[in-house]
Structures are given as C-alpha cells and as structure tokens.
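Here's the structure we're looking at; comments come further down.
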There are 2 protein chains.
Amino acid sequence: VNTERLPQLNKPLALDAMGGDHAPAMVLEAAALLLRESPELELVLVGPEDQLEPLLESHGLAGEARLSLRHAPEVVAMDELPAQALRGKKRSSMRIAIEMVQSGEAAAAVSAGNTGALMATAKFVLKTLPGIERPAICAAMPSTGEPTWMLDLGANVECDAEHLQQFALMGSTLAEAVSGINRPRVGLLNVGAEAIKGNEVVKAAAERLAASPLNYIGFVEGDELFTGRAHVIVADGFVGNVALKASEGTAKVIGGFMKEAFGRNALSKLAGLVAWPVLQGLKHRIDPRRYNGASFLGLNGVVVKSHGGADALAFAQAVRVAQRTAAQAVPSRISEQLDALLLSRPET
Amino acid sequence: VNTERLPQLNKPLALDAMGGDHAPAMVLEAAALLLRESPELELVLVGPEDQLEPLLESHGLAGEARLSLRHAPEVVAMDELPAQALRGKKRSSMRIAIEMVQSGEAAAAVSAGNTGALMATAKFVLKTLPGIERPAICAAMPSTGEPTWMLDLGANVECDAEHLQQFALMGSTLAEAVSGINRPRVGLLNVGAEAIKGNEVVKAAAERLAASPLNYIGFVEGDELFTGRAHVIVADGFVGNVALKASEGTAKVIGGFMKEAFGRNALSKLAGLVAWPVLQGLKHRIDPRRYNGASFLGLNGVVVKSHGGADALAFAQAVRVAQRTAAQAVPSRISEQLDALLLSRPET
C-alpha cells in the first residue's frame with residue numbers, strides 16, 4: 001500500500017461509516033491507520049452515533065482530536081434501488097457525508113456503499129459541473145509504469161460521442177492532477193487499432209478527440225489496459241465495467257490456479273515454500289486493494305467510491321485517493337478545462 | 001494441448017496455408033503434427049503451389065497420401081480491407097479454402113489470416129443460414145471446469161436484442177455439439193446481476209431469452225467469464241472482443257510480473273528453479289494456444305479462425321475445433337434449432 005506523504009487539506013474528509021460489506025468495523029480500522037500515518041489528516045465518521053460511539057474505544061480512537069462523529073440515523077442497503085435510497089433515506093450516512101462536501105464542511109466524501117445510490121445521491125446533492133452532462137466513474141489500474149486511469153467504469157451504460165469526449169477531458173485532468181503526468185496520453189477503447197474499426201459512437205468520439213487540445217493517441221484495444229501505452233483509457237460505462245471486471249476475474253482465476261498448482265503434492269508445496277517471498281511480492285504487486293478508490297468525476301465536489309468488499313487497507317487507499325483529488329482541486333480544474341474547450345470550439 | 005481422439009470425417013479439412021504471421025511454415029508443421037496424431041484425418045493445403053511444394057519435403061510431408069495441395073495464386077494481407085480482399089482477390093488461399101467447403105469438397109476451412117476478410121469472404125461464399133441475420137465469432141475460454149463458450153468476439157460491433165438472442169441459440173448449439181453439454185447454461189454479459197442493470201438492448205435480449213427454450217440463467221458479469229457459471233456467454237461483438245482481450249492482456253501482464261519477480265536476484269532465480277515444474281504446469285494450463293480456434297457461427301458451413309500469431313501447436317488446436325464442429329454438423333443443428341424457435345414463437 002502506498003504510504004507516501006499526502007498533500008495537506010484544511011478540512012476533514014467525511015467517511016460513510018456504514019457502507020460496504022465489512023462496515024462499520026473496517027471503516028474505523030482504516031481511520032485509525034490513516035490518522036497514525038498522516039499527522040495532519042482530519043476525519044469525520046458519518047453514521048448512527050449509538051453504533052459508532054462504542055466502537056471508537058475498541059479501535060483506540062476514543063479521545064482522538066482529529067476524528068469526530070456526525071450522526072446519521074439511516075443506512076442505505078447494498079441492494080437498495082438508487083431512486084428509493086434518494087427519496088426514502090434522506091438522513092442516510094452516505095447522504096450526510098455528501099452533504100458535508102456540498103456545505104463546505106468536508107473536503108471529500110468516501111463510501112464503500114451501494115454504487116448506484118451513491119452516484120444518484122452525489123448527483124442530486126452536489127449537481128454536475130456546468131457543461132458536464134454525465135458524471136463518470138474513474139479509477140487507476142495496475143500498470144507496469146505510470147498508472148493508467150480508466151473511465152467510465154459503469155455509471156453510464158449508454159453514451160454518445162460527446163459524453164466520451166467529456167470523459168476524456170475529465171480523466172486527463174485527474175491523471176494530470178493526481179499522478180502528476182504532464183499532458184497524459186488519452187486512448188479510446190476499441191475493438192481494433194485501425195480507423196475503420198468500431199461502432200459509430202467510438203468513431204465519432206475519435207474525430208472529436210483528434211480535434212481537441214487533449215493528447216489523444218488513438219484507439220487502444222482490450223489487451224492494452226495494463227501496458228502503459230495510454231495514461232487515460234476512455235470507454236462507455238458498459239464496456240469499461242466489463243473490461244475492468246474481466247481483468248479482475250482473470251487475475252483471480254490465475255491466483256486460484258497458482259494456489260492449486262503449489263498445493264498439489266509434497267514436492268510442489270516445498271517449491272511453494274521456497275518461492276514464498278517471490279510469490280508474496282507478486283501478490284502485493286497485483287493486489288487490487290492497492291488500486292481501490294474510484295473517483296466520481298464531473299460533480300461539484302469530490303466523492304470517491306471504495307469497493308464494497310473492501311477491508312481496512314483497501315478502504316484506506318480509497319481515502320488517500322479522495323485526499324489527493326481534493327487537495328488538487330480536481331473539480332475546479334475540470335471546470336476550467338471544460339471552459340477552455342468550449343471557448344476553443346467553433347460554433348456549430 | 002488436447003490430443004483426445006477426434007471424431008471421424010469422410011472429407012478433408014481445407015487449411016489456408018498462407019494466413020497468419022508465421023505462415024506457411026507453421027501451417028505445414030501443424031499439418032504434420034495432426035496427421036501423425038489422427039490416422040484417419042485428411043488435409044488439403046491451399047496456397048501457391050510453387051511455394052508450398054518445396055516445403056512438403058522439409059516438413060516430412062512429401063508423398064503423404066492424406067495430404068494434398070490446392071493451388072491458390074493470391075494471398076490476402078493481414079491488414080487488407082475486407083471489401084478490397086473480397087473484390088480484388090478472388091483466387092486467394094482463404095477464398096479457395098472456403099469455396100471447397102461451399103462445393104462440398106472439404107468438411108471445414110481453417111485460416112489464421114485477416115479476420116475481417118475471412119468473415120466477409122465466408123459470408124459471401126457460404127451465405128448465412130436461413131433466418132440468421134449475422135454470423136458471430138465464438139470461442140472456448142479457459143475455465144476451471146467445463147469449457148465456457150463466448151460470442152460474439154468481434155464480428156458485430158452493433159447488435160440489437162434479436163441478434164443477441166440468435167447468438168445465444170448458436171452458442172448453445174455449439175456447446176452442446178462440441179463439448180457434449182446437455183442444455184448448456186446461457187448467460188448474458190452485463191454490468192450487474194440485477195434485472196434493472198444494463199442498457200436497453202441487453203434488457204430486451206434478457207426478456208427474449210427468458211421466454212425462449214434455451215437454458216437461460218440470467219446476467220453474468222465480467223468477472224464471471226472463467227468461473228464456469230455459464231457454459232455460453234453472450235455479448236455484442238464490441239463488448240465480447242474487449243472482454244476477451246482484457247483477459248488476455250491481464251494474463252500476459254501477470255506472466256510478465258512473474259518472470260520479473262523470479263528473475264530479480266540470485267535467490268529469486270533459485271526459487272524459480274525449484275518452482276519450475278509447478279510454474280510450467282501453470283503456464284500450460286493458461287496457455288492461450290490450448291484455446292485457439294474461433295468458430296464462425298451462422299454460416300452454411302464450418303469456418304474456424306485461428307489467432308494470427310499462432311504457432312503450429314496453436315494452429316493445430318484450431319484445426320481440431322474445426323474437425324469437431326464439422327463432425328457434429330453444427331451448421332445444420334443451428335438451422336434446426338432456429339426452425340424450432342421460429343415455430344414456437346407466436347406471431348408478432
């Protein structure tokens with residue numbers, strides 16, 4: 001897990017203490033870890049006070065000056081319909097965490113809860129940036145070199161060329177701000193590298209991107225997600241979600257095969273023992289927890305979604321992503337880039 | 001590589017000797033391997049006689065009674081536009097191999113050549129089965145248990161719900177015929193398991209499949225490609241292609257990480273040496289060559305596409321897929337299933 005020194009913020013981060021399969025315990029554990037690691041960090045845990053209060057003690061957080069509680073009596077279930085959560089749970093932990101961003105009390109909100117409800121609530125409370133039609137979900141992927149950011153990972157299952165162009169601009173801004181990459185290379189995910197390949201939306205988006213001020217490098221294929229050829233990979237939310245999950249599924253099945261192979265008999269177990277440090281290093285390198293934390297881009301504020309199954313280490317990583325994104329003022333940077341783009345574009 | 005006894009055919013298989021990055025040598029090598037392995041198999045190598053004739057000797061194939069040559073003076077380049085190949089190369093090796101299927105001389109055609117040109121030529125020469133709007137590309141994926149077949153892998157980048165339904169029927173027929181699975185479990189690739197998830201096309205296809213005689217199990221997600229939950233996974237060609245390539249890319253990057261990890265220093269090299277047999281077994285298990293051979297389904301005849309970068313072992317596997325598909329008369333089985341479906345459907 002990346003423990004490099006994080007940029008300072010002058011506001012706390014709001015953590016939805018009730019979202020995710022292992023909440024609230026894993027959120028408290030992550031909070032303890034982060035507060036030890038970053039001496040300036042301030043956190044607010046949002047959730048039912050009567051549930052959270054007793055947990056502070058057991059996590060060594062009682063009396064911690066940089067941690068406070070914010071009461072939220074309701075919890076959005078992992079399988080609740082977004083519209084239902086939005087209408088029916090106005091005092092949920094995720095909603096109040098996001099409202100703290102809206103009011104300026106918190107620098108960012110982080111939740112491992114229901115993705116659809118989180119996105120719907122974030123859109124409703126924070127609103128999209130002027131000119132942005134749809135927020136997108138963006139995350140860093142494991143890569144051999146500089147990180148590759150991919151979006152959209154599932155917020156928008158039907159997109160037109162303009163949406164894809166906006167995703168490209170937002171992803172490029174995030175990569176520049178958070179990874180410090182100058183003029184990130186932006187690729188469009190497609191079924192082939194040639195200009196004639198792909199569906200009409202992708203072809204139209206390619207034309208727009210080629211004419212934009214972004215550093216557009218053309219089409220990338222599904223087997224180039226991890227090669228570092230592009231710093232930002234743009235796809236509609238259906239394709240991006242399937243590509244991400246297909247990669248996760250492949251890594252998991254290979255991990256399972258390895259475990260099986262090294263456990264087959266006494267000799268292979270011995271080999272596994274000898275290879276243990278190397279295998280652990282490898283496991284660490286592709287550990288999805290190190291890449292946890294997907295940013296909702298295109299909103300008037302920073303919201304980061306953690307994987308629902310996250311443990312404390314993974315959740316802490318999502319909080320670090322939120323901290324960097326907020327410290328770099330990504331939403332206002334996106335707004336500026338968008339204004340520049342709109343100004344540079346001839347009237348149509 | 002699977003060397004189980006193959007079903008008998010009373011016709012030869014036509015191999016495009018000129019398709020692929022390593023043709024024609026790798027095609028001859030594969031032919032030699034297959035003829036040794038299957039005592040009843042007959043093969044025809046299609047390509048320029050003056051080029052192929054001298055190679056027979058060097059591959060120990062001179063005078064082999066079960067191998068013949070068929071002259072084809074032209075070769076379709078790997079980057080040639082499909083329409084151009086179709087119009088301009090009427091005597092290409094891939095076209096003549098497919099024409100041999102059309103005329104009844106060959107049981108199936110196999111090529112590692114240009115995918116787009118091969119599909120366009122196969123459609124033009126063989127025509128689609130009555131009622132099939134679009135042929136699809138279908139291949140078996142590595143799986144922990146019974147094979148999973150996925151389609152479409154890239155022939156159709158824009159599909160409607162009826163296309164997806166036809167893909168489901170074709171994939172199910174192939175899985176039943178070639179893998180011997182009774183009533184294969186058919187899943188639709190989507191971004192979530194709940195009925196409200198996905199785009200309009202996928203939702204409409206789900207309704208059609210639920211009402212069809214197929215063993216439809218609902219939505220599967222990108223991380224379930226290799227779990228064996230579905231025997232057949234249906235997607236449009238854009239999504240299917242990206243999912244397949246994302247998996248290949250992930251396996252490749254993990255392989256690269258492993259090589260790097262075991263090569264880091266003297267100690268890790270020693271560990272790699274001890275773990276060598278286990279790592280080789282693992283490599284064999286996920287070796288993409290073992291899964292080479294994608295069937296073009298929905299045509300009046302059997303055409304199998306090998307990966308363009310295939311070596312002899314991989315190409316031989318694609319030929320085995322063609323042999324099984326032809327021996328099980330997959331095209332006429334698809335036709336029967338389609339008739340049954342059309343008869344069972346109320347007029348709309």
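Identifiers for the structure tokens are assigned positionally: chains receive A, B, ... in sequence, residues are indexed from 1 per chain, and ligands are indexed from 1 in the order shown.
Neighbours of Met78 (chain A) closer than or equal to 7 Å, with only C-alpha atoms counted and sequence neighbours fewer than 2 positions away skipped, come out as Val76, Glu80, Gly113 and Asn114 of chain A.
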(message) Counting only C-alpha atoms, a student should be able to say which residues of chain A come within 9 Å of chain B; what is the right answer, written as a PyMOL selection string?
(response) chain A and resi 143-144+154+156-158+189-191+197-200+221-227+237-254+257-258+261-262+268+270-279+281-282+285-286
(message) Run DSSP on the backbone and tell me which residues of region 128-242 of chain A come out as helix (DSSP H, G or I); list them as a ChimeraX atom specification.
(response) /A:161-179,200-210,222-224,237-242
Could you give me, as an mmCIF file with C-alpha atoms, in the first residue's frame, each residue of region 269-304 of chain A that DSSP assigns to strand (DSSP E or B) when run on this structure's backbone?
```cif
data_model
loop_
_atom_site.group_PDB
_atom_site.id
_atom_site.type_symbol
_atom_site.label_atom_id
_atom_site.label_comp_id
_atom_site.auth_asym_id
_atom_site.auth_seq_id
_atom_site.Cartn_x
_atom_site.Cartn_y
_atom_site.Cartn_z
ATOM 1 C CA ALA A 294 -12.858 5.195 -7.857
ATOM 2 C CA SER A 295 -13.488 8.915 -8.326
ATOM 3 C CA PHE A 296 -16.868 10.247 -9.405
ATOM 4 C CA LEU A 297 -15.822 12.877 -11.925
ATOM 5 C CA LEU A 299 -19.505 16.726 -9.940
ATOM 6 C CA VAL A 303 -16.735 11.769 -3.975
ATOM 7 C CA VAL A 304 -14.757 8.520 -4.001
#
```
(request) Please provide as an NGL selection string all residues within 6 Å of Ala106 (chain B), with the sequence filter that same-chain residues fewer than 4 positions apart are discarded (counting only C-alpha atoms). (result) :B and (11-14 or 100-101)
Expected file: the selected residues, N, CA and C atoms, as a short mmCIF file (atom, residue, chain, number, x, y, z; two decimals), in the first residue's frame:
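To be explicit, this is the file written out as result_0.cif:
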```
data_model
loop_
_atom_site.label_atom_id
_atom_site.label_comp_id
_atom_site.auth_asym_id
_atom_site.auth_seq_id
_atom_site.Cartn_x
_atom_site.Cartn_y
_atom_site.Cartn_z
N LYS B 11 -14.45 -36.36 -45.23
CA LYS B 11 -13.93 -35.35 -46.16
C LYS B 11 -12.69 -34.72 -45.55
N PRO B 12 -11.83 -34.15 -46.37
CA PRO B 12 -10.65 -33.48 -45.80
C PRO B 12 -11.03 -32.11 -45.22
N LEU B 13 -10.12 -31.57 -44.42
CA LEU B 13 -10.24 -30.20 -43.95
C LEU B 13 -9.35 -29.33 -44.83
N ALA B 14 -9.84 -28.16 -45.20
CA ALA B 14 -9.06 -27.25 -46.05
C ALA B 14 -8.35 -26.23 -45.18
N MET B 100 -14.04 -24.54 -51.15
CA MET B 100 -14.04 -26.01 -51.05
C MET B 100 -15.10 -26.50 -50.06
N VAL B 101 -15.38 -25.70 -49.05
CA VAL B 101 -16.45 -26.05 -48.11
C VAL B 101 -17.80 -25.88 -48.82
#
```
(request) Quick one: everything within 10 Å of Leu174 (chain B), counting only C-alpha atoms, minus sequence neighbours fewer than 3 positions away in the same chain. Send it as a ChimeraX atom specification. (result) /B:138-139,149,168-171,177-181,184,232,295,297,324-325,328-331,333-334
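Of the residues listed (B:Asn292, B:Gln166, B:Asn300, B:Ser172), B:Asn300 shows the shortest atom-to-atom separation from Lys123 (chain B); distances use only C-alpha atoms.
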(message) List as a ChimeraX atom specification the protein and nucleic acid residues near region 86-95 of chain A, meaning an atom at most 9 Å away when only C-alpha atoms are counted, but skip any in the same chain fewer than 4 places from it.
(response) /A:15-19,45-48,70-76,81-82,99-100,109-111,113,117-118,120-122,124-125
Using only C-alpha atoms, which residues sit within 8 Å of Ser68 (chain B) once same-chain residues fewer than 2 positions away are excluded, as a CSV table (one decimal) with N, CA, C and O atoms, in the first residue's frame?
```csv
chain,number,residue,atom,x,y,z
B,43,LEU,N,-6.1,-33.8,-45.0
B,43,LEU,CA,-6.0,-32.3,-45.1
B,43,LEU,C,-5.6,-31.9,-46.5
B,43,LEU,O,-5.0,-32.6,-47.3
B,44,VAL,N,-6.1,-30.7,-46.8
B,44,VAL,CA,-5.7,-30.0,-48.1
B,44,VAL,C,-5.1,-28.7,-47.7
B,44,VAL,O,-5.7,-27.9,-47.0
B,45,LEU,N,-3.9,-28.5,-48.2
B,45,LEU,CA,-3.2,-27.2,-48.0
B,45,LEU,C,-3.5,-26.3,-49.2
B,45,LEU,O,-3.3,-26.7,-50.3
B,64,GLU,N,2.9,-37.9,-48.6
B,64,GLU,CA,1.9,-38.3,-47.6
B,64,GLU,C,0.5,-38.4,-48.3
B,64,GLU,O,0.0,-37.4,-48.9
B,65,ALA,N,-0.1,-39.6,-48.3
B,65,ALA,CA,-1.3,-39.8,-49.0
B,65,ALA,C,-2.5,-39.0,-48.5
B,65,ALA,O,-3.4,-38.7,-49.2
B,66,ARG,N,-2.5,-38.7,-47.2
B,66,ARG,CA,-3.6,-38.0,-46.6
B,66,ARG,C,-3.5,-36.4,-46.7
B,66,ARG,O,-4.3,-35.7,-46.1
B,70,ARG,N,-3.8,-27.6,-52.9
B,70,ARG,CA,-4.8,-27.0,-53.9
B,70,ARG,C,-4.2,-25.6,-54.2
B,70,ARG,O,-4.0,-24.8,-53.3
```
(request) Show which residues sit within 12 Å of Glu29 (chain B), as a VMD selection string. Count only C-alpha atoms, and ignore same-chain residues fewer than 4 positions away. (result) chain B and resid 17 22 to 25 33 to 36 45 55 to 61 310 to 316
